[in-house]
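The structure file query08.tsv is reproduced below (TSV, C-alpha atoms).
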chain	number	residue	atom	x	y	z
A	13	MET	CA	2.25	-23.40	12.03
A	14	ILE	CA	1.83	-21.79	8.65
A	15	SER	CA	-0.66	-19.40	10.23
A	16	PHE	CA	2.00	-18.24	12.66
A	17	ARG	CA	4.40	-17.74	9.76
A	18	LEU	CA	1.73	-15.71	7.97
A	19	PHE	CA	1.20	-13.63	11.08
A	20	LEU	CA	4.92	-12.86	11.46
A	21	THR	CA	5.39	-12.08	7.77
A	22	PHE	CA	2.50	-9.64	7.68
A	23	LEU	CA	3.57	-8.14	10.99
A	24	LYS	CA	6.87	-7.29	9.31
A	25	ILE	CA	5.09	-5.94	6.23
A	26	GLY	CA	2.80	-3.79	8.37
A	27	ALA	CA	5.69	-2.47	10.45
A	28	VAL	CA	7.99	-1.23	7.68
A	29	SER	CA	5.65	-0.18	4.91
A	30	PHE	CA	5.08	3.52	4.41
A	31	GLY	CA	2.98	5.47	1.97
A	32	GLY	CA	-0.15	3.36	1.75
A	33	GLY	CA	-1.34	0.61	-0.60
A	34	TYR	CA	1.42	0.22	-3.13
A	35	GLY	CA	4.12	1.22	-0.64
A	36	MET	CA	4.17	-2.38	0.54
A	37	ILE	CA	4.03	-3.99	-2.86
A	38	SER	CA	7.75	-4.72	-3.21
A	39	LEU	CA	7.92	-6.35	0.23
A	40	ILE	CA	4.75	-8.39	-0.30
A	41	ARG	CA	6.12	-9.60	-3.64
A	42	GLU	CA	9.43	-10.68	-2.10
A	43	GLU	CA	7.75	-12.47	0.79
A	44	VAL	CA	5.14	-14.40	-1.19
A	45	LEU	CA	7.68	-15.45	-3.81
A	46	SER	CA	10.39	-16.50	-1.36
A	47	ASN	CA	7.91	-18.40	0.83
A	48	GLY	CA	6.51	-20.08	-2.27
A	49	TRP	CA	3.00	-18.90	-1.39
A	50	LEU	CA	2.15	-17.43	-4.78
A	51	THR	CA	3.59	-17.18	-8.26
A	52	GLU	CA	4.08	-13.76	-9.81
A	53	GLU	CA	1.02	-14.35	-11.99
A	54	GLN	CA	-1.17	-15.23	-8.99
A	55	LEU	CA	0.15	-12.19	-7.12
A	56	LEU	CA	-0.99	-9.90	-9.94
A	57	ARG	CA	-4.44	-11.49	-9.89
A	58	PHE	CA	-4.66	-11.03	-6.13
A	59	ILE	CA	-3.69	-7.38	-6.48
A	60	ALA	CA	-6.39	-6.92	-9.12
A	61	VAL	CA	-9.05	-8.39	-6.82
A	62	SER	CA	-7.78	-6.39	-3.82
A	63	GLU	CA	-7.86	-3.20	-5.83
A	64	SER	CA	-11.40	-3.71	-7.09
A	65	THR	CA	-13.06	-4.73	-3.82
A	66	PRO	CA	-13.81	-2.25	-1.03
A	67	GLY	CA	-11.43	-1.60	1.84
A	68	PRO	CA	-7.71	-0.91	2.29
A	69	ILE	CA	-5.60	-2.77	-0.29
A	70	ALA	CA	-3.14	-3.95	2.37
A	71	VAL	CA	-5.89	-5.58	4.43
A	72	ASN	CA	-7.43	-7.15	1.32
A	73	MET	CA	-4.07	-8.57	0.26
A	74	ALA	CA	-3.36	-9.95	3.73
A	75	THR	CA	-6.77	-11.63	3.98
A	76	PHE	CA	-6.49	-13.05	0.47
A	77	ILE	CA	-2.97	-14.44	0.83
A	78	GLY	CA	-3.73	-15.77	4.32
A	79	SER	CA	-6.89	-17.50	3.15
A	80	SER	CA	-5.17	-19.01	0.11
A	81	GLN	CA	-2.49	-20.58	2.32
A	82	ALA	CA	-4.34	-21.63	5.46
A	83	GLY	CA	-8.06	-20.95	5.13
A	84	PHE	CA	-9.98	-18.91	7.66
A	85	VAL	CA	-7.32	-19.08	10.40
A	86	GLY	CA	-4.64	-18.04	7.95
A	87	ALA	CA	-6.71	-15.09	6.77
A	88	LEU	CA	-7.29	-14.02	10.35
A	89	ALA	CA	-3.60	-14.38	11.26
A	90	ALA	CA	-2.36	-12.40	8.26
A	91	THR	CA	-4.92	-9.62	8.67
A	92	PHE	CA	-4.24	-9.32	12.38
A	93	GLY	CA	-0.52	-9.18	11.64
A	94	VAL	CA	-0.75	-6.40	9.07
A	95	VAL	CA	-3.00	-4.27	11.29
A	96	LEU	CA	-1.21	-4.70	14.63
A	97	PRO	CA	1.86	-2.44	14.05
A	98	SER	CA	-0.39	0.41	12.83
A	99	PHE	CA	-2.62	-0.01	15.81
A	100	ILE	CA	0.18	0.06	18.38
A	101	VAL	CA	2.15	2.90	16.78
A	102	ILE	CA	-0.92	5.11	16.38
A	103	LEU	CA	-2.12	4.40	19.91
A	104	LEU	CA	1.29	5.44	21.25
A	105	ILE	CA	1.26	8.62	19.21
A	106	ALA	CA	-2.34	9.54	19.98
A	107	ALA	CA	-2.03	8.80	23.69
A	108	LEU	CA	1.48	9.87	24.59
A	109	LEU	CA	3.46	11.47	21.84
A	110	LYS	CA	1.13	13.86	20.06
A	111	LYS	CA	4.04	16.12	19.16
A	112	VAL	CA	6.42	13.38	18.03
A	113	MET	CA	5.71	13.92	14.33
A	114	LYS	CA	6.75	17.55	14.63
A	115	TYR	CA	10.34	16.85	15.78
A	116	ALA	CA	12.91	17.67	13.12
A	117	GLY	CA	14.66	14.33	13.70
A	118	VAL	CA	11.52	12.30	12.98
A	119	GLN	CA	10.76	14.40	9.92
A	120	SER	CA	14.29	13.87	8.61
A	121	VAL	CA	13.91	10.09	8.92
A	122	LEU	CA	10.66	10.31	6.95
A	123	ASN	CA	12.33	12.54	4.36
A	124	GLY	CA	15.00	9.88	4.01
A	125	ILE	CA	12.44	7.11	3.54
A	126	ARG	CA	9.99	8.80	1.16
A	127	PRO	CA	12.08	8.67	-2.05
A	128	VAL	CA	13.07	5.07	-1.23
A	129	ILE	CA	9.38	4.08	-1.25
A	130	THR	CA	8.90	5.80	-4.60
A	131	GLY	CA	11.92	3.91	-5.94
A	132	LEU	CA	10.62	0.59	-4.57
A	133	ILE	CA	7.24	1.06	-6.25
A	134	LEU	CA	8.78	2.08	-9.59
A	135	GLY	CA	11.33	-0.75	-9.42
A	136	THR	CA	8.62	-3.33	-8.70
A	137	ALA	CA	6.56	-1.95	-11.59
A	138	PHE	CA	9.53	-2.41	-13.97
A	139	ILE	CA	10.22	-5.94	-12.69
A	140	LEU	CA	6.57	-6.91	-13.18
A	141	LEU	CA	6.50	-5.24	-16.60
A	142	LEU	CA	9.54	-7.24	-17.71
A	143	SER	CA	8.03	-10.49	-16.50
A	144	THR	CA	4.52	-9.96	-17.95
A	145	VAL	CA	5.53	-8.54	-21.33
A	146	ALA	CA	8.87	-10.23	-21.97
A	147	ASN	CA	8.81	-13.22	-19.59
A	148	ILE	CA	12.14	-12.17	-18.12
A	149	GLN	CA	12.57	-12.90	-14.43
A	150	THR	CA	16.35	-13.25	-14.24
A	151	VAL	CA	19.14	-12.60	-16.76
A	152	HIS	CA	19.29	-16.34	-17.43
A	153	ASP	CA	15.85	-16.34	-19.02
A	154	SER	CA	15.84	-15.65	-22.71
A	155	ALA	CA	13.29	-13.02	-23.60
A	156	LEU	CA	10.04	-14.50	-24.83
A	157	LEU	CA	8.13	-11.51	-26.05
A	158	ASP	CA	4.39	-11.65	-25.41
A	159	TRP	CA	3.38	-9.11	-28.06
A	160	LYS	CA	-0.27	-9.22	-27.00
A	161	ALA	CA	0.65	-8.12	-23.47
A	162	GLY	CA	2.84	-5.44	-25.03
A	163	VAL	CA	-0.03	-4.12	-27.11
A	164	ILE	CA	-2.38	-4.12	-24.10
A	165	PHE	CA	0.25	-2.25	-22.09
A	166	ALA	CA	0.65	0.34	-24.85
A	167	ILE	CA	-3.12	0.86	-25.22
A	168	LEU	CA	-3.58	1.21	-21.45
A	169	THR	CA	-0.72	3.67	-21.02
A	170	VAL	CA	-1.85	5.83	-23.92
A	171	SER	CA	-5.48	5.91	-22.80
A	172	ALA	CA	-4.57	6.53	-19.13
A	173	THR	CA	-2.28	9.42	-20.09
A	174	ALA	CA	-4.86	10.85	-22.47
A	175	HIS	CA	-7.54	10.59	-19.78
A	176	ALA	CA	-5.37	12.38	-17.23
A	177	LYS	CA	-4.57	15.11	-19.76
A	178	PHE	CA	-8.06	15.84	-21.09
A	179	ARG	CA	-10.29	15.04	-18.14
A	180	LYS	CA	-7.91	16.65	-15.64
A	181	LYS	CA	-8.51	13.86	-13.17
A	182	PRO	CA	-7.01	10.40	-12.74
A	183	PHE	CA	-8.81	7.38	-14.18
A	184	SER	CA	-10.64	5.05	-11.83
A	185	PRO	CA	-8.55	1.92	-11.13
A	186	ILE	CA	-11.61	-0.33	-11.38
A	187	LEU	CA	-12.51	1.00	-14.83
A	188	LEU	CA	-8.94	0.49	-15.96
A	189	LEU	CA	-8.97	-3.11	-14.70
A	190	LEU	CA	-12.34	-3.79	-16.38
A	191	PHE	CA	-11.01	-2.34	-19.63
A	192	SER	CA	-7.87	-4.47	-19.44
A	193	GLY	CA	-10.00	-7.55	-18.69
A	194	VAL	CA	-12.08	-6.92	-21.82
A	195	MET	CA	-8.89	-6.56	-23.83
A	196	GLY	CA	-7.60	-9.79	-22.30
A	197	ILE	CA	-10.72	-11.62	-23.53
A	198	CYS	CA	-10.38	-10.08	-27.00
A	199	PHE	CA	-6.70	-10.95	-27.33
A	200	TYR	CA	-6.32	-14.28	-25.58
A	201	LEU	CA	-9.60	-16.15	-26.01
B	17	MET	CA	-21.78	3.18	30.95
B	18	GLU	CA	-24.63	2.42	28.63
B	19	ASN	CA	-24.05	5.71	26.93
B	20	ARG	CA	-20.43	4.79	26.36
B	21	MET	CA	-21.38	1.45	24.83
B	22	LYS	CA	-23.77	3.25	22.54
B	23	LYS	CA	-21.04	5.63	21.41
B	24	LEU	CA	-18.63	2.77	20.80
B	25	PHE	CA	-21.21	0.90	18.77
B	26	LYS	CA	-21.97	3.98	16.71
B	27	LEU	CA	-18.27	4.50	16.00
B	28	PHE	CA	-18.03	0.86	14.99
B	29	LEU	CA	-20.97	1.21	12.61
B	30	ILE	CA	-19.62	4.38	10.98
B	31	MET	CA	-16.27	2.68	10.38
B	32	LEU	CA	-18.00	-0.43	9.07
B	33	LYS	CA	-19.80	1.74	6.56
B	34	ILE	CA	-16.58	3.49	5.53
B	35	GLY	CA	-14.78	0.16	5.15
B	36	LEU	CA	-17.58	-1.10	2.94
B	37	PHE	CA	-17.75	1.89	0.62
B	38	THR	CA	-14.15	2.84	-0.05
B	39	PHE	CA	-12.50	1.51	-3.13
B	40	GLY	CA	-8.87	1.94	-3.97
B	41	GLY	CA	-7.36	2.23	-0.52
B	42	GLY	CA	-6.14	4.96	1.82
B	43	TYR	CA	-6.63	8.25	0.06
B	44	SER	CA	-10.20	7.71	-1.03
B	45	MET	CA	-10.98	6.73	2.55
B	46	ILE	CA	-9.57	10.01	3.85
B	47	ALA	CA	-12.24	11.88	1.87
B	48	LEU	CA	-15.02	9.72	3.34
B	49	LEU	CA	-13.67	10.12	6.87
B	50	GLU	CA	-13.53	13.88	6.42
B	51	ASN	CA	-17.12	13.92	5.24
B	52	GLU	CA	-18.28	11.73	8.11
B	53	PHE	CA	-16.33	13.13	11.06
B	54	VAL	CA	-15.72	16.77	10.14
B	55	SER	CA	-18.46	18.01	7.80
B	56	LYS	CA	-21.41	15.90	8.88
B	57	ARG	CA	-20.98	15.16	12.58
B	58	ARG	CA	-18.47	17.82	13.62
B	59	PHE	CA	-16.64	15.38	15.87
B	60	MET	CA	-13.35	16.92	14.79
B	61	GLN	CA	-12.02	20.34	13.76
B	62	THR	CA	-10.56	20.78	10.28
B	63	ASP	CA	-7.00	21.43	11.49
B	64	GLU	CA	-7.17	18.53	13.90
B	65	PHE	CA	-8.23	16.35	10.99
B	66	ALA	CA	-5.33	17.63	8.88
B	67	ASP	CA	-2.91	16.72	11.71
B	68	MET	CA	-4.44	13.27	11.84
B	69	VAL	CA	-3.96	12.78	8.08
B	70	ALA	CA	-0.32	13.85	8.33
B	71	ILE	CA	0.28	11.32	11.11
B	72	ALA	CA	-1.58	8.54	9.29
B	73	GLU	CA	0.47	9.13	6.15
B	74	SER	CA	3.84	9.19	7.84
B	75	THR	CA	3.54	6.25	10.20
B	76	PRO	CA	4.02	2.68	8.99
B	77	GLY	CA	1.06	0.57	7.94
B	78	PRO	CA	-2.07	1.07	5.82
B	79	ILE	CA	-3.22	4.71	5.90
B	80	ALA	CA	-6.85	3.70	6.41
B	81	ILE	CA	-6.01	1.64	9.49
B	82	ASN	CA	-3.84	4.40	10.92
B	83	ALA	CA	-6.60	6.94	10.43
B	84	ALA	CA	-9.27	4.67	11.94
B	85	THR	CA	-7.14	3.89	15.00
B	86	TYR	CA	-6.38	7.57	15.55
B	87	ILE	CA	-9.96	8.78	15.20
B	88	GLY	CA	-11.20	5.92	17.37
B	89	TYR	CA	-8.79	6.83	20.15
B	90	GLN	CA	-9.62	10.49	19.91
B	91	GLN	CA	-13.36	9.73	20.14
B	92	ASN	CA	-13.37	7.02	22.75
B	93	GLY	CA	-9.95	5.97	24.05
B	94	VAL	CA	-8.35	2.57	23.56
B	95	LEU	CA	-11.70	0.80	23.24
B	96	GLY	CA	-12.74	3.34	20.63
B	97	SER	CA	-9.64	2.71	18.55
B	98	ALA	CA	-10.20	-1.05	18.75
B	99	ALA	CA	-13.85	-0.66	17.70
B	100	ALA	CA	-12.92	1.66	14.82
B	101	THR	CA	-10.10	-0.53	13.52
B	102	VAL	CA	-12.09	-3.76	13.69
B	103	GLY	CA	-15.03	-1.99	12.06
B	104	VAL	CA	-13.00	-0.75	9.12
B	105	CYS	CA	-11.44	-4.19	8.57
B	106	ILE	CA	-14.53	-6.39	8.74
B	107	PRO	CA	-16.00	-5.59	5.29
B	108	SER	CA	-12.62	-6.23	3.62
B	109	PHE	CA	-12.14	-9.42	5.51
B	110	VAL	CA	-15.58	-10.88	4.84
B	111	ILE	CA	-15.68	-9.94	1.15
B	112	ILE	CA	-12.17	-11.14	0.37
B	113	PHE	CA	-12.60	-14.32	2.38
B	114	LEU	CA	-15.78	-15.19	0.46
B	115	ILE	CA	-14.07	-14.45	-2.85
B	116	SER	CA	-11.07	-16.58	-1.90
B	117	LEU	CA	-13.35	-19.59	-1.37
B	118	PHE	CA	-14.45	-19.53	-4.99
B	119	PHE	CA	-11.41	-17.97	-6.60
B	120	ASP	CA	-9.67	-21.17	-7.67
B	121	ALA	CA	-12.78	-22.54	-9.38
B	122	PHE	CA	-13.47	-19.14	-10.90
B	123	GLN	CA	-10.00	-19.01	-12.42
B	124	GLN	CA	-10.57	-22.32	-14.22
B	125	ILE	CA	-13.18	-20.77	-16.52
B	126	ARG	CA	-11.62	-20.23	-19.93
B	127	TRP	CA	-12.69	-16.68	-20.58
B	128	VAL	CA	-11.83	-15.66	-17.02
B	129	THR	CA	-8.29	-16.89	-17.57
B	130	ALA	CA	-8.11	-14.80	-20.74
B	131	ALA	CA	-9.51	-11.75	-18.95
B	132	PHE	CA	-6.95	-12.14	-16.17
B	133	ARG	CA	-4.08	-12.12	-18.64
B	134	GLY	CA	-5.19	-8.65	-19.66
B	135	ILE	CA	-5.88	-7.64	-16.07
B	136	GLN	CA	-2.32	-8.58	-15.08
B	137	VAL	CA	-1.04	-5.95	-17.49
B	138	GLY	CA	-3.61	-3.53	-16.05
B	139	VAL	CA	-2.23	-4.09	-12.54
B	140	VAL	CA	1.29	-3.34	-13.75
B	141	VAL	CA	0.00	-0.07	-15.24
B	142	LEU	CA	-1.67	0.78	-11.90
B	143	ILE	CA	1.51	0.17	-9.91
B	144	LEU	CA	3.57	2.12	-12.44
B	145	SER	CA	1.20	5.07	-12.33
B	146	ALA	CA	1.17	5.02	-8.50
B	147	GLY	CA	4.98	5.26	-8.58
B	148	LEU	CA	4.97	8.00	-11.23
B	149	LYS	CA	2.41	9.98	-9.26
B	150	MET	CA	4.61	9.88	-6.16
B	151	LEU	CA	7.56	10.90	-8.33
B	152	ARG	CA	5.69	13.94	-9.66
B	153	GLN	CA	4.65	15.07	-6.17
B	154	MET	CA	8.14	14.64	-4.75
B	155	LYS	CA	10.32	17.69	-4.08
B	156	LYS	CA	13.06	17.54	-6.70
B	157	THR	CA	16.08	17.79	-4.40
B	158	ILE	CA	19.36	16.10	-5.30
B	159	TYR	CA	18.97	13.54	-2.52
B	160	ASN	CA	15.45	12.61	-3.61
B	161	ILE	CA	16.33	12.21	-7.29
B	162	VAL	CA	19.50	10.20	-6.64
B	163	CYS	CA	17.69	8.08	-4.07
B	164	VAL	CA	14.76	7.21	-6.37
B	165	CYS	CA	17.09	6.32	-9.24
B	166	LEU	CA	19.42	4.22	-7.07
B	167	THR	CA	16.58	2.34	-5.35
B	168	THR	CA	14.80	1.60	-8.62
B	169	ALA	CA	18.02	0.46	-10.32
B	170	CYS	CA	19.17	-1.69	-7.37
B	171	LEU	CA	15.77	-3.34	-7.01
B	172	VAL	CA	15.55	-4.23	-10.71
B	173	LEU	CA	19.17	-5.42	-10.89
B	174	CYS	CA	18.93	-7.51	-7.71
B	175	SER	CA	15.80	-9.15	-9.06
B	176	LEU	CA	17.36	-9.80	-12.48
B	177	PHE	CA	20.50	-11.34	-10.98
B	178	ALA	CA	18.45	-13.21	-8.35
B	179	VAL	CA	20.25	-11.50	-5.45
B	180	ASN	CA	18.33	-11.60	-2.18
B	181	PHE	CA	18.15	-8.13	-0.68
B	182	SER	CA	15.00	-7.36	1.23
B	183	SER	CA	13.09	-4.11	0.71
B	184	VAL	CA	13.31	-3.69	4.48
B	185	PHE	CA	17.01	-2.86	4.09
B	186	TYR	CA	16.33	-0.17	1.49
B	187	ILE	CA	13.88	1.47	3.88
B	188	LEU	CA	16.31	1.25	6.83
B	189	ILE	CA	19.15	2.67	4.73
B	190	GLY	CA	16.91	5.56	3.65
B	191	ALA	CA	15.98	6.25	7.27
B	192	MET	CA	19.64	6.24	8.33
B	193	ILE	CA	20.70	8.56	5.52
B	194	GLY	CA	17.85	10.95	6.37
B	195	LEU	CA	18.91	11.02	10.00
B	196	SER	CA	22.60	11.50	9.15
B	197	ILE	CA	21.80	14.42	6.86
B	198	TYR	CA	19.92	15.98	9.76
B	199	PHE	CA	22.83	15.58	12.20
B	200	VAL	CA	25.42	16.83	9.73
B	201	LYS	CA	23.28	19.87	9.02
B	202	ARG	CA	22.88	20.57	12.72
B	203	MET	CA	26.57	20.21	13.39
B	204	TYR	CA	27.31	22.55	10.50
B	205	GLU	CA	24.88	25.16	11.77
B	206	HIS	CA	26.20	24.79	15.29
B	207	ARG	CA	29.73	25.43	14.10
B	208	LYS	CA	28.61	28.49	12.14
B	209	THR	CA	27.05	30.07	15.21
B	210	GLU	CA	30.16	29.21	17.25
B	211	THR	CA	32.47	30.99	14.82
B	212	LYS	CA	30.17	34.01	14.75
B	213	LYS	CA	30.55	34.36	18.49
Please lay out the structure from this file as structure tokens.
Amino acid sequence: MISFRLFLTFLKIGAVSFGGGYGMISLIREEVLSNGWLTEEQLLRFIAVSESTPGPIAVNMATFIGSSQAGFVGALAATFGVVLPSFIVILLIAALLKKVMKYAGVQSVLNGIRPVITGLILGTAFILLLSTVANIQTVHDSALLDWKAGVIFAILTVSATAHAKFRKKPFSPILLLLFSGVMGICFYL
Amino acid sequence: MENRMKKLFKLFLIMLKIGLFTFGGGYSMIALLENEFVSKRRFMQTDEFADMVAIAESTPGPIAINAATYIGYQQNGVLGSAAATVGVCIPSFVIIFLISLFFDAFQQIRWVTAAFRGIQVGVVVLILSAGLKMLRQMKKTIYNIVCVCLTTACLVLCSLFAVNFSSVFYILIGAMIGLSIYFVKRMYEHRKTETKK
């Protein structure tokens, strides 16, 4: 039964997420928390693994969450769910509606959605920042500042910005995660 | 018939390779697909490929899956798109499934736990920079700026006050506003041409 639930949840995630990888992060977070599948901490670990293994992040996340909840069948159900909407929509477009993306109406819907996705990603980043650095999830929690996490965040932001400025190209996500892992060992061990 | 099976299998293998060697999701995969299907094998024209990328980006779902399905269909019909999509997913699935078998035990190791506390912060930085990158590339119209600010603020506030409001609704509201702006604009233009007459 849980596999069916996983399938439906990831079907929904696949059907309404736009803008690739992190575009679905806010919805995935809501779903795994409200279903009690993962804690916020586990979610961040899963994202780290999904980001540093090959393949689309969305598929990696689906497989990982599915497997953690219901083993092989769960992984299969979740992955199938997240892929299916893409598959159907693209087949329809490629086979029948090649011109559909060029209609002004369709473009205006996409123009309406695009900034929302940006807002959802930024909002999720702030929520996660508050909970990792200050341990605040709701207003009822009193802030418990984790200064080590704060320092790691500051170092990472400064070095990522500096890298983008001087090297003229974005840092590699895997290198950034490795670097933050090394810092984690230095600070927390 | 045999020829067709051969073509399907080849498509499957190419996608398997691409699924295995792309890190970091959609956009890095686009570069590999371009190299494989346009530069190397000339299965597709450059402008056709650009159209495909535009469609893959603006339809729901993972960009890599969208692109694989589209190219698969274009090469070999419905069977082609199935072969391509399954091919691109298999490496992810196998690797992540194997990791998930050992992940719990792995997390028990003391220094791994410490490393993950740092990595959690790293993930937050990655998500933040993905959002900021989209913000920089966005056209700075009034609607876009207001919309980003409102969505960000609502999402954070709802989470802080433990109000349940699914991200799906934000996306639907954005779609409806986009469509309404379009209709209002059209009505306005229509009226202008009427008065000119």
Pull the closest atom pair for each residue of region 73-163 of chain A that gets at most 10 Å from region 145-154 of chain B, along with the distance in Å to one decimal, counting all atoms listed in the file, ordering rows by chain and then ascending residue number, as CSV.
residue,atom,partner,partner_atom,distance
A:Arg126,CA,B:Met154,CA,8.5
A:Pro127,CA,B:Met154,CA,7.6
A:Ile129,CA,B:Gly147,CA,8.6
A:Thr130,CA,B:Gly147,CA,5.6
A:Gly131,CA,B:Gly147,CA,7.5
A:Leu132,CA,B:Gly147,CA,8.3
A:Ile133,CA,B:Gly147,CA,5.3
A:Leu134,CA,B:Gly147,CA,5.1
A:Gly135,CA,B:Gly147,CA,8.8
A:Thr136,CA,B:Gly147,CA,9.3
A:Ala137,CA,B:Gly147,CA,8.0
Worksheet item: If we count only C-alpha atoms, what is near Leu39 (chain A) at a cut-off of 9 Å, once residues fewer than 2 positions away on the same chain are taken out, given as a VMD selection string?
Response: (chain A and resid 25 29 35 to 37 41 to 44 132) or (chain B and resid 182 to 184)
Please produce an output containing C-alpha atoms for each residue in the selection, written as a PDB file, in the frame of the given file.
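Result went into selection.pdb, see below:
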ATOM      1  CA  ILE A  25       5.090  -5.940   6.230  1.00  0.00           C
ATOM      2  CA  SER A  29       5.650  -0.180   4.910  1.00  0.00           C
ATOM      3  CA  GLY A  35       4.120   1.220  -0.640  1.00  0.00           C
ATOM      4  CA  MET A  36       4.170  -2.380   0.540  1.00  0.00           C
ATOM      5  CA  ILE A  37       4.030  -3.990  -2.860  1.00  0.00           C
ATOM      6  CA  ARG A  41       6.120  -9.600  -3.640  1.00  0.00           C
ATOM      7  CA  GLU A  42       9.430 -10.680  -2.100  1.00  0.00           C
ATOM      8  CA  GLU A  43       7.750 -12.470   0.790  1.00  0.00           C
ATOM      9  CA  VAL A  44       5.140 -14.400  -1.190  1.00  0.00           C
ATOM     10  CA  LEU A 132      10.620   0.590  -4.570  1.00  0.00           C
TER      11      LEU A 132
ATOM     12  CA  SER B 182      15.000  -7.360   1.230  1.00  0.00           C
ATOM     13  CA  SER B 183      13.090  -4.110   0.710  1.00  0.00           C
ATOM     14  CA  VAL B 184      13.310  -3.690   4.480  1.00  0.00           C
TER      15      VAL B 184
END
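Shortest separation to Ser116 (chain B) among A:Phe22, A:Pro68, A:Gly83, A:Glu53 occurs at residue A:Gly83, atoms counted being all atoms listed in the file.
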Practice prompt. Compile the contact shell of Val102 (chain B) as a list in words: residues with an atom at most 10 Å away, counting all atoms listed in the file, same-chain residues fewer than 2 positions apart removed.
Written response: Phe92 and Val95 of chain A; Phe28, Met31, Leu32, Gly35, Ile81, Ala84, Thr85, Gly96, Ser97, Ala98, Ala99, Ala100, Val104, Cys105, Ile106, Pro107 and Phe109 of chain B
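The spacing separating CA of Gly48 (chain A) from CA of Ile125 (chain A) amounts to 28.4 Å.
From CA of Ile143 (chain B) back to CA of Ile193 (chain B), the distance works out to 26.0 Å.
If you count all atoms listed in the file and draw a sphere of 8 Å around (-2.4, 6.6, 13.9), the protein and nucleic acid residues inside it come out as A:Ser98, A:Phe99, A:Val101, A:Ile102, A:Leu103, A:Ile105, A:Ala106, B:Met68, B:Ile71, B:Ala72, B:Thr75, B:Ile81, B:Asn82, B:Ala83, B:Ala84, B:Thr85, B:Tyr86, B:Ile87.
Comparing the minimum interatomic distances between Thr168 (chain B) and each of A:His175, A:Leu56, A:Val128, A:Ser15, counting all atoms listed in the file, we find that A:Val128 sits nearest.
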Discussion item. Applying 12 Å and all atoms listed in the file, which residues near Ser80 (chain A) remain after dropping the ones on its own chain fewer than 6 positions away? List them as a ChimeraX atom specification.
Written reply: /A:14-15,18,44,48-50,54-55,58,73-74,86-88,90 /B:112-120
Worksheet item: Near Ala131 (chain B), within 9 Å and counting only C-alpha atoms, which residues show up once chain neighbours fewer than 6 positions away are dropped, as a ChimeraX atom specification?
Response: /A:190,192-201
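Each of B:Asn92, B:Gln124, B:Ser108, B:Thr62 was compared to chain A using only C-alpha atoms, and B:Ser108 turns out to be the nearest.
If you measure from each of B:Ala66, B:Val137, B:Val172, B:Leu166 to Val163 (chain A) using all atoms listed in the file, the closest one turns out to be B:Val137.
Of the residues under consideration (A:Tyr115, A:Phe30, A:Trp159, A:Phe19), A:Phe30 shows the shortest atom-to-atom contact distance to chain B when counting only C-alpha atoms.
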